[in-house]
$ cat work21.cif   # mmCIF, C-alpha atoms (C1' of nucleotides)
data_target
loop_
_atom_site.label_atom_id
_atom_site.label_comp_id
_atom_site.auth_asym_id
_atom_site.auth_seq_id
_atom_site.Cartn_x
_atom_site.Cartn_y
_atom_site.Cartn_z
CA MET A 1 0.00 0.00 0.00
CA ALA A 2 1.16 3.48 -0.78
CA LYS A 3 1.52 4.69 2.80
CA GLU A 4 3.94 2.01 3.92
CA ARG A 5 5.98 2.49 0.82
CA ASP A 6 6.34 6.16 1.66
CA VAL A 7 7.81 5.17 4.96
CA CYS A 8 10.39 2.56 4.13
CA GLU A 9 11.14 3.92 0.66
CA VAL A 10 12.67 0.68 -0.45
CA PHE A 11 10.52 -1.40 -2.66
CA TYR A 12 9.26 0.55 -5.62
CA ALA A 13 9.33 -1.58 -8.70
CA ASP A 14 11.73 1.06 -10.04
CA LYS A 15 12.56 3.87 -7.66
CA GLU A 16 14.54 5.99 -10.10
CA LYS A 17 11.85 5.78 -12.72
CA VAL A 18 9.26 6.89 -10.21
CA LYS A 19 11.35 9.86 -9.14
CA LYS A 20 12.00 10.92 -12.72
CA VAL A 21 8.41 10.65 -13.89
CA LYS A 22 7.19 12.40 -10.76
CA THR A 23 9.17 15.54 -11.58
CA ARG A 24 7.74 15.64 -15.09
CA MET A 25 4.17 15.03 -14.02
CA ILE A 26 1.51 17.70 -14.52
CA GLY A 27 0.33 19.39 -11.33
CA ASP A 28 -2.95 18.82 -9.55
CA LYS A 29 -4.35 22.09 -10.81
CA THR A 30 -3.49 21.36 -14.41
CA ALA A 31 -4.98 17.90 -14.18
CA ALA A 32 -8.13 19.27 -12.58
CA GLY A 33 -8.43 21.98 -15.21
CA LEU A 34 -7.96 19.52 -18.03
CA ALA A 35 -10.49 17.13 -16.55
CA GLU A 36 -12.98 19.96 -16.22
CA ILE A 37 -12.87 20.75 -19.93
CA PHE A 38 -13.26 17.16 -20.94
CA LYS A 39 -15.99 16.55 -18.40
CA VAL A 40 -18.11 19.17 -20.13
CA LEU A 41 -17.83 17.25 -23.36
CA GLY A 42 -18.49 13.99 -21.54
CA ASP A 43 -22.24 14.17 -21.83
CA PRO A 44 -24.31 13.34 -24.94
CA THR A 45 -26.70 16.24 -24.47
CA ARG A 46 -23.90 18.80 -24.25
CA VAL A 47 -22.08 17.24 -27.19
CA LYS A 48 -25.25 17.57 -29.24
CA ILE A 49 -25.85 21.15 -28.16
CA LEU A 50 -22.31 22.17 -29.02
CA HIS A 51 -22.52 20.34 -32.31
CA VAL A 52 -25.75 21.97 -33.49
CA LEU A 53 -24.40 25.34 -32.41
CA SER A 54 -21.34 24.65 -34.54
CA ILE A 55 -23.73 24.51 -37.50
CA GLU A 56 -25.72 27.60 -36.69
CA GLU A 57 -26.73 30.11 -34.06
CA LEU A 58 -29.93 28.87 -32.38
CA CYS A 59 -32.41 29.85 -29.69
CA VAL A 60 -33.27 27.66 -26.70
CA CYS A 61 -36.60 26.80 -28.23
CA ASP A 62 -34.98 25.58 -31.45
CA ILE A 63 -32.34 23.51 -29.70
CA SER A 64 -35.06 22.00 -27.58
CA ALA A 65 -37.02 21.09 -30.72
CA ILE A 66 -33.99 19.69 -32.52
CA LEU A 67 -32.80 17.52 -29.66
CA GLU A 68 -36.36 16.65 -28.67
CA MET A 69 -35.79 17.57 -25.05
CA THR A 70 -37.50 20.00 -22.68
CA GLU A 71 -36.42 23.63 -22.75
CA SER A 72 -35.66 23.37 -19.06
CA ALA A 73 -33.13 20.57 -19.56
CA ILE A 74 -31.49 22.48 -22.40
CA SER A 75 -31.43 25.70 -20.42
CA HIS A 76 -29.73 24.01 -17.48
CA GLN A 77 -27.00 22.70 -19.75
CA LEU A 78 -26.65 26.03 -21.50
CA ARG A 79 -26.05 27.72 -18.18
CA LEU A 80 -23.17 25.32 -17.56
CA LEU A 81 -21.71 25.96 -21.00
CA ARG A 82 -22.18 29.68 -20.48
CA ASN A 83 -20.36 29.65 -17.15
CA LEU A 84 -17.44 27.91 -18.78
CA LYS A 85 -17.50 30.45 -21.60
CA LEU A 86 -18.01 27.82 -24.26
CA VAL A 87 -21.12 29.54 -25.62
CA LYS A 88 -22.24 33.13 -25.82
CA PHE A 89 -25.74 34.52 -26.21
CA ARG A 90 -27.66 37.56 -27.33
CA ARG A 91 -31.23 38.48 -26.56
CA GLU A 92 -33.65 39.46 -29.30
CA GLY A 93 -37.01 40.27 -27.80
CA ARG A 94 -38.25 37.21 -25.97
CA VAL A 95 -35.81 34.95 -27.72
CA VAL A 96 -32.26 34.21 -26.59
CA TYR A 97 -29.85 33.12 -29.30
CA TYR A 98 -26.84 31.00 -28.43
CA SER A 99 -23.66 30.43 -30.39
CA LEU A 100 -20.23 28.96 -29.84
CA ASP A 101 -17.63 31.06 -28.07
CA ASP A 102 -14.58 28.82 -28.03
CA ARG A 103 -12.62 27.70 -31.05
CA HIS A 104 -10.88 24.92 -29.14
CA VAL A 105 -14.09 23.09 -28.38
CA THR A 106 -15.02 22.70 -32.02
CA LYS A 107 -11.56 21.33 -32.66
CA LEU A 108 -11.83 18.88 -29.81
CA ILE A 109 -15.19 17.63 -31.05
CA LYS A 110 -13.84 17.23 -34.57
CA MET A 111 -10.94 15.21 -33.17
CA GLY A 112 -13.40 13.12 -31.24
CA VAL A 113 -15.39 12.41 -34.39
CA GLU A 114 -12.18 11.40 -36.10
CA HIS A 115 -11.46 9.02 -33.24
CA GLU A 116 -14.93 7.56 -33.57
CA ARG A 117 -14.50 6.69 -37.23
CA GLU A 118 -11.92 3.97 -36.63
CA MET B 1 -42.90 22.28 -23.89
CA ALA B 2 -41.53 19.92 -26.47
CA LYS B 3 -44.45 17.50 -26.46
CA GLU B 4 -47.11 20.01 -27.39
CA ARG B 5 -44.90 21.38 -30.09
CA ASP B 6 -44.63 17.93 -31.62
CA VAL B 7 -48.39 17.84 -31.86
CA CYS B 8 -49.37 21.15 -33.36
CA GLU B 9 -46.12 21.68 -35.27
CA VAL B 10 -46.72 25.36 -35.64
CA PHE B 11 -44.68 27.55 -33.40
CA TYR B 12 -40.99 26.85 -33.68
CA ALA B 13 -39.02 30.04 -33.47
CA ASP B 14 -37.83 29.08 -36.96
CA LYS B 15 -39.29 25.88 -38.34
CA GLU B 16 -37.18 25.70 -41.46
CA LYS B 17 -33.98 26.24 -39.51
CA VAL B 18 -34.92 23.45 -37.12
CA LYS B 19 -35.64 21.06 -39.97
CA LYS B 20 -32.39 21.87 -41.71
CA VAL B 21 -30.19 21.56 -38.64
CA LYS B 22 -31.97 18.38 -37.61
CA THR B 23 -30.94 16.62 -40.80
CA ARG B 24 -27.31 17.62 -40.30
CA MET B 25 -27.22 16.66 -36.64
CA ILE B 26 -25.02 13.80 -35.45
CA GLY B 27 -26.92 10.67 -34.42
CA ASP B 28 -27.55 9.48 -30.90
CA LYS B 29 -24.91 6.78 -31.23
CA THR B 30 -22.25 9.17 -32.42
CA ALA B 31 -23.04 11.61 -29.65
CA ALA B 32 -22.95 8.84 -27.06
CA GLY B 33 -19.66 7.53 -28.42
CA LEU B 34 -18.11 10.96 -28.42
CA ALA B 35 -19.30 11.66 -24.91
CA GLU B 36 -17.86 8.35 -23.76
CA ILE B 37 -14.36 9.24 -24.93
CA PHE B 38 -14.47 12.66 -23.35
CA LYS B 39 -15.98 11.31 -20.16
CA VAL B 40 -12.93 9.11 -19.71
CA LEU B 41 -10.71 12.16 -19.89
CA GLY B 42 -13.06 14.04 -17.57
CA ASP B 43 -11.47 12.80 -14.38
CA PRO B 44 -8.23 14.11 -12.82
CA THR B 45 -6.98 10.67 -11.82
CA ARG B 46 -7.38 9.27 -15.32
CA VAL B 47 -5.86 12.37 -16.87
CA LYS B 48 -2.82 11.89 -14.64
CA ILE B 49 -2.55 8.19 -15.38
CA LEU B 50 -2.71 8.79 -19.11
CA HIS B 51 -0.23 11.60 -18.83
CA VAL B 52 2.41 9.65 -16.91
CA LEU B 53 1.95 6.75 -19.30
CA SER B 54 2.59 9.16 -22.15
CA ILE B 55 6.02 9.72 -20.59
CA GLU B 56 6.88 6.10 -19.98
CA GLU B 57 5.61 2.57 -19.59
CA LEU B 58 4.86 1.93 -15.91
CA CYS B 59 3.59 -0.79 -13.59
CA VAL B 60 0.60 -0.35 -11.27
CA CYS B 61 2.90 -0.07 -8.30
CA ASP B 62 4.85 2.80 -9.88
CA ILE B 63 1.77 4.70 -10.98
CA SER B 64 0.40 4.30 -7.49
CA ALA B 65 3.62 5.72 -6.02
CA ILE B 66 3.77 8.60 -8.50
CA LEU B 67 0.16 9.70 -8.04
CA GLU B 68 0.25 8.92 -4.32
CA MET B 69 -2.91 6.87 -4.47
CA THR B 70 -3.70 3.29 -3.49
CA GLU B 71 -2.98 0.54 -5.97
CA SER B 72 -6.63 -0.45 -5.77
CA ALA B 73 -7.84 2.94 -6.93
CA ILE B 74 -5.32 2.93 -9.76
CA SER B 75 -6.21 -0.60 -10.75
CA HIS B 76 -9.89 0.24 -10.96
CA GLN B 77 -9.19 3.13 -13.29
CA LEU B 78 -6.78 1.07 -15.37
CA ARG B 79 -9.47 -1.51 -15.92
CA LEU B 80 -11.70 1.19 -17.32
CA LEU B 81 -8.95 2.49 -19.58
CA ARG B 82 -8.19 -1.07 -20.63
CA ASN B 83 -11.80 -1.79 -21.54
CA LEU B 84 -11.85 1.28 -23.71
CA LYS B 85 -8.59 0.23 -25.33
CA LEU B 86 -6.81 3.39 -24.31
CA VAL B 87 -4.03 1.49 -22.58
CA LYS B 88 -2.43 -1.88 -23.16
CA PHE B 89 -0.45 -4.04 -20.75
CA ARG B 90 2.08 -6.81 -20.61
CA ARG B 91 2.86 -9.10 -17.71
CA GLU B 92 6.42 -9.66 -16.54
CA GLY B 93 6.38 -12.04 -13.63
CA ARG B 94 4.27 -10.58 -10.89
CA VAL B 95 4.44 -7.12 -12.39
CA VAL B 96 2.02 -5.74 -14.97
CA TYR B 97 3.30 -2.92 -17.15
CA TYR B 98 0.87 -0.48 -18.72
CA SER B 99 1.38 1.80 -21.68
CA LEU B 100 -0.72 3.95 -23.98
CA ASP B 101 -2.59 2.25 -26.79
CA ASP B 102 -4.30 5.13 -28.54
CA ARG B 103 -2.59 7.91 -30.41
CA HIS B 104 -5.69 10.10 -30.42
CA VAL B 105 -5.83 10.36 -26.66
CA THR B 106 -2.39 11.89 -26.40
CA LYS B 107 -3.41 14.41 -29.04
CA LEU B 108 -6.60 15.25 -27.19
CA ILE B 109 -4.71 15.80 -23.96
CA LYS B 110 -2.20 18.02 -25.70
CA MET B 111 -5.04 20.07 -27.15
CA GLY B 112 -6.54 20.31 -23.71
CA VAL B 113 -3.29 21.62 -22.31
CA GLU B 114 -3.20 24.19 -25.09
CA HIS B 115 -6.70 25.27 -24.16
CA GLU B 116 -5.63 25.59 -20.53
CA ARG B 117 -2.83 28.01 -21.31
CA GLU B 118 -5.12 30.88 -22.34
"C1'" DT C 1 -51.84 46.82 -17.32
"C1'" DG C 2 -52.26 42.04 -18.20
"C1'" DA C 3 -52.18 37.95 -21.09
"C1'" DA C 4 -49.07 35.18 -23.85
"C1'" DC C 5 -44.67 33.62 -24.59
"C1'" DT C 6 -39.53 32.43 -24.05
"C1'" DA C 7 -36.19 31.38 -21.02
"C1'" DT C 8 -34.21 30.70 -16.33
"C1'" DT C 9 -33.97 28.84 -11.88
"C1'" DG C 10 -34.37 25.94 -7.54
"C1'" DA C 11 -35.68 21.79 -5.31
"C1'" DA C 12 -36.01 17.00 -5.48
"C1'" DC C 13 -34.82 12.60 -6.98
"C1'" DA C 14 -32.81 8.69 -9.27
"C1'" DA C 15 -28.69 7.10 -11.51
"C1'" DC C 16 -23.94 7.09 -11.61
"C1'" DA C 17 -18.89 7.54 -10.44
"C1'" DG C 18 -14.73 7.08 -7.68
"C1'" DC C 19 -12.82 5.73 -3.59
"C1'" DT C 20 -11.95 2.42 0.38
"C1'" DC C 21 -11.74 -1.93 2.42
"C1'" DA C 22 -11.65 -6.74 2.33
"C1'" DT C 23 -10.90 -10.53 -0.44
"C1'" DA C 24 -9.39 -13.18 -4.45
"C1'" DT C 25 -6.16 -14.36 -8.18
"C1'" DA C 26 -1.64 -15.02 -10.19
"C1'" DT C 27 3.24 -15.48 -10.03
"C1'" DT C 28 7.67 -16.38 -7.83
"C1'" DG C 29 10.91 -18.64 -5.12
"C1'" DA C 30 12.13 -21.10 -0.96
"C1'" DT D 1 3.40 -26.77 -1.25
"C1'" DC D 2 3.44 -22.45 1.18
"C1'" DA D 3 4.60 -17.70 2.15
"C1'" DA D 4 5.36 -13.36 -0.05
"C1'" DT D 5 4.35 -10.14 -3.57
"C1'" DA D 6 1.67 -7.60 -7.32
"C1'" DT D 7 -2.49 -6.87 -9.17
"C1'" DA D 8 -7.52 -7.38 -9.76
"C1'" DT D 9 -12.11 -7.44 -8.19
"C1'" DG D 10 -16.64 -6.90 -5.61
"C1'" DA D 11 -19.40 -4.65 -2.22
"C1'" DG D 12 -20.54 -0.63 -0.08
"C1'" DC D 13 -20.51 4.26 0.89
"C1'" DT D 14 -20.63 9.08 -0.40
"C1'" DG D 15 -20.64 12.88 -3.39
"C1'" DT D 16 -21.95 14.30 -8.01
"C1'" DT D 17 -24.78 14.74 -12.20
"C1'" DG D 18 -28.79 15.18 -15.36
"C1'" DT D 19 -33.43 15.35 -15.55
"C1'" DT D 20 -38.22 16.68 -14.21
"C1'" DC D 21 -41.54 19.65 -12.19
"C1'" DA D 22 -43.15 23.87 -10.49
"C1'" DA D 23 -42.37 28.50 -9.95
"C1'" DT D 24 -40.29 32.89 -11.53
"C1'" DA D 25 -38.30 36.52 -14.52
"C1'" DG D 26 -38.15 39.28 -18.83
"C1'" DT D 27 -40.22 40.71 -23.09
"C1'" DT D 28 -43.96 41.85 -26.41
"C1'" DC D 29 -48.19 43.47 -27.81
"C1'" DA D 30 -53.03 44.27 -27.49
#
$ encode --input "work21.cif" --output "structure tokens"
Amino acid sequence: MAKERDVCEVFYADKEKVKKVKTRMIGDKTAAGLAEIFKVLGDPTRVKILHVLSIEELCVCDISAILEMTESAISHQLRLLRNLKLVKFRREGRVVYYSLDDRHVTKLIKMGVEHERE
Amino acid sequence: MAKERDVCEVFYADKEKVKKVKTRMIGDKTAAGLAEIFKVLGDPTRVKILHVLSIEELCVCDISAILEMTESAISHQLRLLRNLKLVKFRREGRVVYYSLDDRHVTKLIKMGVEHERE
DNA sequence: TGAACTATTGAACAACAGCTCATATATTGA
DNA sequence: TCAATATATGAGCTGTTGTTCAATAGTTCA
């Protein structure tokens, strides 16, 4: 178990290797940040929302109709995407139009699609 | 609400737009598959595991020492990564060495890091 | 102003995810 | 064969997530 190993410091499978890799490892914050981005894309509904928005600017009502889900569910997800600055919005009368606000996300999704094809 | 709209089919904010985007939308399976990949990367522990494996082939014991987590926790995550064919392994006596088995994943993580920097 | 409409929000709830702990499996070497 | 070691696995617990439902906030127009 990890704790005992920390104490006696003798029986790593390869102590030098461990030391070396440990210095090159990404920090907790970086890992957490990375995971956060990917977590957003780790849900079918959000993937769909981002994908349809990559085609065209759309209002909540339209997205709801396209995905065949309640406006409430869509709105909840949009709030999340908004907070993470992945989408932006503009109000036009009663209607709120959403569109993508992050070039990286589209790239990531495209890469994902590529991965899927194999 | 979505249900009523399906019945009367009259008051989309933009019916034509909805129709058009709907035909171009990715299918449920594609969305689910995409989300599955990203979901795997959406956890700090797995991000770290994949990252250290991108540096070097390592055994469970080493990964456990590097991340300072129990071997059990690491093993559980490795099983997941194994099932999704993101890592491969080879046995050498009592020791099991893991390494990356998917070139896309490394790319995705690199893109994520790039995203982080801004 | 008030009715109709679009979108947002909060609470609640069920499903899920990641860890721990105990146990099991596999390999080695005495 | 048996003890020691390395990893894997299952059950259980806790915190998180995505949806629904009901209520609320903005906006338009009569």
$ resolve_selection --input "work21.cif" --expression "the PyMOL selection byres ((chain B) within 8 of (chain C))" --output "VMD selection string"
chain B and resid 73 93 to 94
$ write_last_selection --input "work21.cif" --atoms "C-alpha atoms" --output "PDB file, in the frame of the given file"
ATOM      1  CA  ALA B  73      -7.840   2.940  -6.930  1.00  0.00           C
ATOM      2  CA  GLY B  93       6.380 -12.040 -13.630  1.00  0.00           C
ATOM      3  CA  ARG B  94       4.270 -10.580 -10.890  1.00  0.00           C
TER       4      ARG B  94
END
$ atom_distance --input "work21.cif" --atom1 "atom CA of Glu92 of chain A" --atom2 "atom C1' of DG26 of chain D"
11.4 Å
$ atom_distance --input "work21.cif" --atom1 "atom CA of Met111 of chain A" --atom2 "atom CA of Val60 of chain A"
26.4 Å
$ atom_distance --input "work21.cif" --atom1 "atom CA of Val105 of chain A" --atom2 "atom CA of Gly33 of chain A"
14.4 Å
$ closest_atom_pairs --input "work21.cif" --of "chain A" --to "chain B" --cutoff "8 Å" --atoms "only C-alpha atoms" --output "tab-separated table"
residue	atom	partner	partner_atom	distance
A:Met1	CA	B:Thr70	CA	6.1
A:Ala2	CA	B:Thr70	CA	5.6
A:Arg5	CA	B:Ala65	CA	7.9
A:Tyr12	CA	B:Asp62	CA	6.5
A:Ala13	CA	B:Asp62	CA	6.4
A:Asp14	CA	B:Asp62	CA	7.1
A:Val18	CA	B:Ile66	CA	6.0
A:Lys19	CA	B:Ile66	CA	7.7
A:Val21	CA	B:Val52	CA	6.8
A:Lys22	CA	B:Ile66	CA	5.6
A:Met25	CA	B:Val52	CA	6.4
A:Ile26	CA	B:Lys48	CA	7.2
A:Asp28	CA	B:Pro44	CA	7.8
A:Thr30	CA	B:Glu116	CA	7.7
A:Ala31	CA	B:Pro44	CA	5.2
A:Ala32	CA	B:Pro44	CA	5.2
A:Gly33	CA	B:Glu116	CA	7.0
A:Leu34	CA	B:Gly112	CA	5.9
A:Ala35	CA	B:Gly42	CA	4.1
A:Glu36	CA	B:Gly42	CA	6.1
A:Ile37	CA	B:Gly42	CA	7.1
A:Phe38	CA	B:Gly42	CA	4.6
A:Lys39	CA	B:Gly42	CA	3.9
A:Val40	CA	B:Gly42	CA	7.6
A:Leu41	CA	B:Phe38	CA	5.7
A:Gly42	CA	B:Lys39	CA	3.9
A:Asp43	CA	B:Ala35	CA	4.9
A:Pro44	CA	B:Ala32	CA	5.2
A:Thr45	CA	B:Ala31	CA	7.9
A:Val47	CA	B:Ala31	CA	6.2
A:Lys48	CA	B:Ala31	CA	6.4
A:His51	CA	B:Met25	CA	7.4
A:Val52	CA	B:Met25	CA	6.3
A:Ile55	CA	B:Val21	CA	7.2
A:Glu56	CA	B:Val21	CA	7.8
A:Cys59	CA	B:Ala13	CA	7.6
A:Cys61	CA	B:Ala13	CA	6.6
A:Asp62	CA	B:Val18	CA	6.1
A:Ile63	CA	B:Val18	CA	7.9
A:Ser64	CA	B:Ala2	CA	6.9
A:Ala65	CA	B:Ala2	CA	6.3
A:Ile66	CA	B:Lys22	CA	5.6
A:Glu68	CA	B:Ala2	CA	6.5
A:Met69	CA	B:Ala2	CA	6.4
A:Thr70	CA	B:Ala2	CA	5.5
A:Glu71	CA	B:Met1	CA	6.7
A:His104	CA	B:His115	CA	6.5
A:Leu108	CA	B:Leu108	CA	6.9
A:Ile109	CA	B:Leu34	CA	7.7
A:Met111	CA	B:Leu108	CA	7.4
A:Gly112	CA	B:Leu34	CA	5.9
A:Val113	CA	B:Leu34	CA	6.7
A:His115	CA	B:His104	CA	6.5
A:Glu116	CA	B:Leu34	CA	6.9
$ write_last_selection --input "work21.cif" --atoms "C-alpha atoms" --output "PDB file, in the coordinates of the input"
ATOM      1  CA  MET A   1       0.000   0.000   0.000  1.00  0.00           C
ATOM      2  CA  ALA A   2       1.160   3.480  -0.780  1.00  0.00           C
ATOM      3  CA  ARG A   5       5.980   2.490   0.820  1.00  0.00           C
ATOM      4  CA  TYR A  12       9.260   0.550  -5.620  1.00  0.00           C
ATOM      5  CA  ALA A  13       9.330  -1.580  -8.700  1.00  0.00           C
ATOM      6  CA  ASP A  14      11.730   1.060 -10.040  1.00  0.00           C
ATOM      7  CA  VAL A  18       9.260   6.890 -10.210  1.00  0.00           C
ATOM      8  CA  LYS A  19      11.350   9.860  -9.140  1.00  0.00           C
ATOM      9  CA  VAL A  21       8.410  10.650 -13.890  1.00  0.00           C
ATOM     10  CA  LYS A  22       7.190  12.400 -10.760  1.00  0.00           C
ATOM     11  CA  MET A  25       4.170  15.030 -14.020  1.00  0.00           C
ATOM     12  CA  ILE A  26       1.510  17.700 -14.520  1.00  0.00           C
ATOM     13  CA  ASP A  28      -2.950  18.820  -9.550  1.00  0.00           C
ATOM     14  CA  THR A  30      -3.490  21.360 -14.410  1.00  0.00           C
ATOM     15  CA  ALA A  31      -4.980  17.900 -14.180  1.00  0.00           C
ATOM     16  CA  ALA A  32      -8.130  19.270 -12.580  1.00  0.00           C
ATOM     17  CA  GLY A  33      -8.430  21.980 -15.210  1.00  0.00           C
ATOM     18  CA  LEU A  34      -7.960  19.520 -18.030  1.00  0.00           C
ATOM     19  CA  ALA A  35     -10.490  17.130 -16.550  1.00  0.00           C
ATOM     20  CA  GLU A  36     -12.980  19.960 -16.220  1.00  0.00           C
ATOM     21  CA  ILE A  37     -12.870  20.750 -19.930  1.00  0.00           C
ATOM     22  CA  PHE A  38     -13.260  17.160 -20.940  1.00  0.00           C
ATOM     23  CA  LYS A  39     -15.990  16.550 -18.400  1.00  0.00           C
ATOM     24  CA  VAL A  40     -18.110  19.170 -20.130  1.00  0.00           C
ATOM     25  CA  LEU A  41     -17.830  17.250 -23.360  1.00  0.00           C
ATOM     26  CA  GLY A  42     -18.490  13.990 -21.540  1.00  0.00           C
ATOM     27  CA  ASP A  43     -22.240  14.170 -21.830  1.00  0.00           C
ATOM     28  CA  PRO A  44     -24.310  13.340 -24.940  1.00  0.00           C
ATOM     29  CA  THR A  45     -26.700  16.240 -24.470  1.00  0.00           C
ATOM     30  CA  VAL A  47     -22.080  17.240 -27.190  1.00  0.00           C
ATOM     31  CA  LYS A  48     -25.250  17.570 -29.240  1.00  0.00           C
ATOM     32  CA  HIS A  51     -22.520  20.340 -32.310  1.00  0.00           C
ATOM     33  CA  VAL A  52     -25.750  21.970 -33.490  1.00  0.00           C
ATOM     34  CA  ILE A  55     -23.730  24.510 -37.500  1.00  0.00           C
ATOM     35  CA  GLU A  56     -25.720  27.600 -36.690  1.00  0.00           C
ATOM     36  CA  CYS A  59     -32.410  29.850 -29.690  1.00  0.00           C
ATOM     37  CA  CYS A  61     -36.600  26.800 -28.230  1.00  0.00           C
ATOM     38  CA  ASP A  62     -34.980  25.580 -31.450  1.00  0.00           C
ATOM     39  CA  ILE A  63     -32.340  23.510 -29.700  1.00  0.00           C
ATOM     40  CA  SER A  64     -35.060  22.000 -27.580  1.00  0.00           C
ATOM     41  CA  ALA A  65     -37.020  21.090 -30.720  1.00  0.00           C
ATOM     42  CA  ILE A  66     -33.990  19.690 -32.520  1.00  0.00           C
ATOM     43  CA  GLU A  68     -36.360  16.650 -28.670  1.00  0.00           C
ATOM     44  CA  MET A  69     -35.790  17.570 -25.050  1.00  0.00           C
ATOM     45  CA  THR A  70     -37.500  20.000 -22.680  1.00  0.00           C
ATOM     46  CA  GLU A  71     -36.420  23.630 -22.750  1.00  0.00           C
ATOM     47  CA  HIS A 104     -10.880  24.920 -29.140  1.00  0.00           C
ATOM     48  CA  LEU A 108     -11.830  18.880 -29.810  1.00  0.00           C
ATOM     49  CA  ILE A 109     -15.190  17.630 -31.050  1.00  0.00           C
ATOM     50  CA  MET A 111     -10.940  15.210 -33.170  1.00  0.00           C
ATOM     51  CA  GLY A 112     -13.400  13.120 -31.240  1.00  0.00           C
ATOM     52  CA  VAL A 113     -15.390  12.410 -34.390  1.00  0.00           C
ATOM     53  CA  HIS A 115     -11.460   9.020 -33.240  1.00  0.00           C
ATOM     54  CA  GLU A 116     -14.930   7.560 -33.570  1.00  0.00           C
TER      55      GLU A 116
END
$ build_atoms --input "work21.cif" --residues "segment 100-118 of chain B" --atoms "N, CA and C atoms" --output "mmCIF file, in the frame of the given file"
data_model
loop_
_atom_site.group_PDB
_atom_site.id
_atom_site.type_symbol
_atom_site.label_atom_id
_atom_site.label_comp_id
_atom_site.auth_asym_id
_atom_site.auth_seq_id
_atom_site.Cartn_x
_atom_site.Cartn_y
_atom_site.Cartn_z
ATOM 1 N N LEU B 100 0.364 3.401 -23.174
ATOM 2 C CA LEU B 100 -0.720 3.950 -23.980
ATOM 3 C C LEU B 100 -0.978 3.085 -25.209
ATOM 4 N N ASP B 101 -2.241 3.063 -25.630
ATOM 5 C CA ASP B 101 -2.590 2.250 -26.790
ATOM 6 C C ASP B 101 -3.489 3.018 -27.741
ATOM 7 N N ASP B 102 -3.403 4.338 -27.697
ATOM 8 C CA ASP B 102 -4.300 5.130 -28.540
ATOM 9 C C ASP B 102 -3.667 6.490 -28.820
ATOM 10 N N ARG B 103 -3.289 6.673 -30.067
ATOM 11 C CA ARG B 103 -2.590 7.910 -30.410
ATOM 12 C C ARG B 103 -3.479 9.151 -30.281
ATOM 13 N N HIS B 104 -4.789 8.958 -30.484
ATOM 14 C CA HIS B 104 -5.690 10.100 -30.420
ATOM 15 C C HIS B 104 -5.716 10.728 -29.026
ATOM 16 N N VAL B 105 -5.708 9.866 -28.032
ATOM 17 C CA VAL B 105 -5.830 10.360 -26.660
ATOM 18 C C VAL B 105 -4.719 11.349 -26.314
ATOM 19 N N THR B 106 -3.501 10.989 -26.679
ATOM 20 C CA THR B 106 -2.390 11.890 -26.400
ATOM 21 C C THR B 106 -2.636 13.233 -27.074
ATOM 22 N N LYS B 107 -3.102 13.179 -28.307
ATOM 23 C CA LYS B 107 -3.410 14.410 -29.040
ATOM 24 C C LYS B 107 -4.451 15.228 -28.305
ATOM 25 N N LEU B 108 -5.516 14.558 -27.891
ATOM 26 C CA LEU B 108 -6.600 15.250 -27.190
ATOM 27 C C LEU B 108 -6.076 15.930 -25.929
ATOM 28 N N ILE B 109 -5.253 15.219 -25.178
ATOM 29 C CA ILE B 109 -4.710 15.800 -23.960
ATOM 30 C C ILE B 109 -3.837 17.007 -24.274
ATOM 31 N N LYS B 110 -3.035 16.883 -25.302
ATOM 32 C CA LYS B 110 -2.200 18.020 -25.700
ATOM 33 C C LYS B 110 -3.047 19.228 -26.058
ATOM 34 N N MET B 111 -4.138 18.974 -26.799
ATOM 35 C CA MET B 111 -5.040 20.070 -27.150
ATOM 36 C C MET B 111 -5.657 20.685 -25.917
ATOM 37 N N GLY B 112 -5.977 19.836 -24.967
ATOM 38 C CA GLY B 112 -6.540 20.310 -23.710
ATOM 39 C C GLY B 112 -5.564 21.230 -22.996
ATOM 40 N N VAL B 113 -4.326 20.819 -22.947
ATOM 41 C CA VAL B 113 -3.290 21.620 -22.310
ATOM 42 C C VAL B 113 -3.195 22.985 -22.985
ATOM 43 N N GLU B 114 -3.249 22.948 -24.315
ATOM 44 C CA GLU B 114 -3.200 24.190 -25.090
ATOM 45 C C GLU B 114 -4.350 25.112 -24.686
ATOM 46 N N HIS B 115 -5.510 24.528 -24.570
ATOM 47 C CA HIS B 115 -6.700 25.270 -24.160
ATOM 48 C C HIS B 115 -6.501 25.900 -22.787
ATOM 49 N N GLU B 116 -5.883 25.145 -21.895
ATOM 50 C CA GLU B 116 -5.630 25.590 -20.530
ATOM 51 C C GLU B 116 -4.782 26.857 -20.478
ATOM 52 N N ARG B 117 -3.823 26.932 -21.373
ATOM 53 C CA ARG B 117 -2.830 28.010 -21.310
ATOM 54 C C ARG B 117 -3.393 29.414 -21.504
ATOM 55 N N GLU B 118 -4.639 29.550 -21.983
ATOM 56 C CA GLU B 118 -5.120 30.880 -22.340
ATOM 57 C C GLU B 118 -5.986 31.563 -21.274
#
